[in-house]
Amino acid sequence: MATDLAIAEGLTAQSAPPTLTVRDLGLVPYEECWQLQRDLAAVVIEGHVGDTLLLLEHPHTYTCGRSGGRNHILADEEELGRIGAIVLDVDRGGDVTYHGPGQLVAYPIINLFATKIGRDYRAYVRSLEEVLIRALADFEISSYRVQGYSGVWVRGTASEEKIAAIGVKVDGRGVTSHGIALNVETDLSYFSRIVPCGIVDKGVTSMSQLLALPSAMADVKSAFVTHFKEVFGYH
């Protein structure tokens, strides 16, 4: 099912985890990939598998995080069936968000305590934001953080618009799961059926909305991997 997209070279034990394996899974149902994350987390902490970065897309799925979000789903069961979307309650941080085709999803399964970030969970989220900001800059998209919110934003016509969402989990052993969702060529109409992340006064956008020519998903994946290795210290 999976193909290796890249394997980073080994690093010294003093600077970062020794290896990073990046796997491109293609289009994967959410629940299937959620189980894969749990399975990988178990073997990463035991040292049987090195740190792993999963790249993928999901079919139409709304997920509600530990902060809830069912009350921010505006579509009823009939409409959800008509648009082919499912709703799941998951164990990441945050409120409700949307996943679907044309959206780059990246799930780092890494031993955070073995990195330079250690137990600073906020620094982990800020590092993921930095990866996204650098990757978007490769496509001449200027993005930034917004105080009080996670994710990455761009300037819209009326207010900031979110282009990438972040919702993560770090278990008691320091192993991360869940991650980021970057709107590349996402059908943004699916966001109209929810209050994204519970934020009522800001919009949502995508790379294809901001660029004259759409970017190939493969190019966006490559940029994300390059900057992930830079930010997290993989060689």
# chains A, B, ... in the order shown; residues from 1 in each chain; ligands from 1
$ closest_atom_pairs --of "region 58-94 of chain A" --to "region 27-42 of chain A" --cutoff "10 Å" --atoms "only C-alpha atoms" --output "Markdown table"
| residue | atom | partner | partner_atom | distance |
| --- | --- | --- | --- | --- |
| A:His58 | CA | A:Val28 | CA | 5.3 |
| A:Pro59 | CA | A:Pro29 | CA | 6.0 |
| A:His60 | CA | A:Pro29 | CA | 8.8 |
| A:Thr61 | CA | A:Tyr30 | CA | 7.3 |
| A:Tyr62 | CA | A:Tyr30 | CA | 9.6 |
| A:Thr63 | CA | A:Tyr30 | CA | 9.2 |
| A:Ile86 | CA | A:Tyr30 | CA | 9.6 |
| A:Leu88 | CA | A:Glu31 | CA | 8.6 |
| A:Val90 | CA | A:Trp34 | CA | 8.8 |
| A:Asp91 | CA | A:Trp34 | CA | 9.7 |
$ closest_residue --among "A:Phe224, A:Tyr121, A:Tyr190, A:Phe232" --to "Gly84 (chain A)" --atoms "only C-alpha atoms"
A:Tyr190
$ residues_around --residues "Ile194 (chain A)" --least-positions-apart "4" --cutoff "10 Å" --atoms "only C-alpha atoms" --output "JSON, numbers by chain"
{"A": [62, 69, 70, 71, 72, 73, 74, 75, 96, 97, 98, 189, 190, 198, 199, 200]}
$ select_by_dssp --residues "region 57-136 of chain A" --states "strand (DSSP E)" --output "MDAnalysis selection string"
chainID A and resid 57 61:64 86:89 96:99 103:109
$ write_last_selection --atoms "N, CA and C atoms" --output "CSV table (one decimal), in the first residue's frame"
chain,number,residue,atom,x,y,z
A,57,GLU,N,-3.9,11.6,1.8
A,57,GLU,CA,-5.2,12.3,1.6
A,57,GLU,C,-6.3,11.4,2.2
A,61,THR,N,-14.2,13.6,5.2
A,61,THR,CA,-14.4,13.2,6.6
A,61,THR,C,-14.4,14.5,7.5
A,62,TYR,N,-15.3,14.5,8.4
A,62,TYR,CA,-15.3,15.5,9.5
A,62,TYR,C,-14.8,14.9,10.8
A,63,THR,N,-13.8,15.5,11.4
A,63,THR,CA,-13.3,14.9,12.7
A,63,THR,C,-13.5,15.9,13.8
A,64,CYS,N,-13.9,15.5,15.0
A,64,CYS,CA,-14.1,16.3,16.2
A,64,CYS,C,-13.0,15.9,17.2
A,86,ILE,N,-18.4,11.4,6.4
A,86,ILE,CA,-18.6,10.8,7.6
A,86,ILE,C,-18.1,11.7,8.8
A,87,VAL,N,-18.6,11.4,10.0
A,87,VAL,CA,-18.1,12.2,11.2
A,87,VAL,C,-17.5,11.2,12.2
A,88,LEU,N,-16.4,11.6,12.7
A,88,LEU,CA,-15.7,10.8,13.7
A,88,LEU,C,-15.2,11.6,14.9
A,89,ASP,N,-15.3,11.1,16.1
A,89,ASP,CA,-14.7,11.7,17.2
A,89,ASP,C,-13.3,11.1,17.4
A,96,VAL,N,-13.7,20.8,15.5
A,96,VAL,CA,-14.1,20.1,14.3
A,96,VAL,C,-13.3,20.6,13.1
A,97,THR,N,-12.9,19.7,12.2
A,97,THR,CA,-12.3,20.2,11.0
A,97,THR,C,-12.7,19.2,9.9
A,98,TYR,N,-12.3,19.5,8.7
A,98,TYR,CA,-12.6,18.7,7.5
A,98,TYR,C,-11.4,18.1,6.9
A,99,HIS,N,-11.4,16.9,6.4
A,99,HIS,CA,-10.4,16.3,5.6
A,99,HIS,C,-11.0,15.8,4.3
A,103,GLN,N,-6.3,17.7,-0.3
A,103,GLN,CA,-5.7,18.2,1.0
A,103,GLN,C,-4.6,17.4,1.4
A,104,LEU,N,-3.4,18.0,1.6
A,104,LEU,CA,-2.2,17.2,2.1
A,104,LEU,C,-2.3,17.1,3.6
A,105,VAL,N,-2.4,15.8,4.0
A,105,VAL,CA,-2.4,15.5,5.4
A,105,VAL,C,-1.0,14.9,5.8
A,106,ALA,N,-0.4,15.3,6.8
A,106,ALA,CA,0.9,14.8,7.3
A,106,ALA,C,0.8,14.4,8.7
A,107,TYR,N,1.1,13.2,9.1
A,107,TYR,CA,1.1,12.7,10.4
A,107,TYR,C,2.5,12.2,10.8
A,108,PRO,N,3.2,13.0,11.6
A,108,PRO,CA,4.5,12.6,12.2
A,108,PRO,C,4.3,11.6,13.3
A,109,ILE,N,4.9,10.5,13.2
A,109,ILE,CA,4.9,9.5,14.3
A,109,ILE,C,6.4,9.5,14.8
$ atom_distance --atom1 "CA of Leu25 (chain A)" --atom2 "CA of Tyr144 (chain A)"
28.3 Å
$ residues_around --residues "Val231 (chain A)" --least-positions-apart "5" --cutoff "8 Å" --atoms "only C-alpha atoms" --output "PyMOL selection string"
chain A and resi 127+130-131
$ write_last_selection --atoms "N, CA, C and O atoms" --output "tab-separated table (two decimals), in the first residue's frame"
chain	number	residue	atom	x	y	z
A	127	SER	N	6.67	24.43	15.71
A	127	SER	CA	7.59	23.87	14.72
A	127	SER	C	6.83	23.38	13.49
A	127	SER	O	7.27	23.57	12.35
A	130	GLU	N	5.99	26.32	11.48
A	130	GLU	CA	7.16	26.81	10.76
A	130	GLU	C	7.41	26.00	9.49
A	130	GLU	O	7.75	26.56	8.44
A	131	VAL	N	7.23	24.69	9.57
A	131	VAL	CA	7.36	23.84	8.37
A	131	VAL	C	6.39	24.30	7.29
A	131	VAL	O	6.76	24.47	6.12
$ closest_residue --among "A:Asp171, A:Asp219, A:Glu161, A:Glu77" --to "Val184 (chain A)" --atoms "only C-alpha atoms"
A:Asp219
$ atom_distance --atom1 "CA of Asn183 (chain A)" --atom2 "CA of Gly81 (chain A)"
22.8 Å
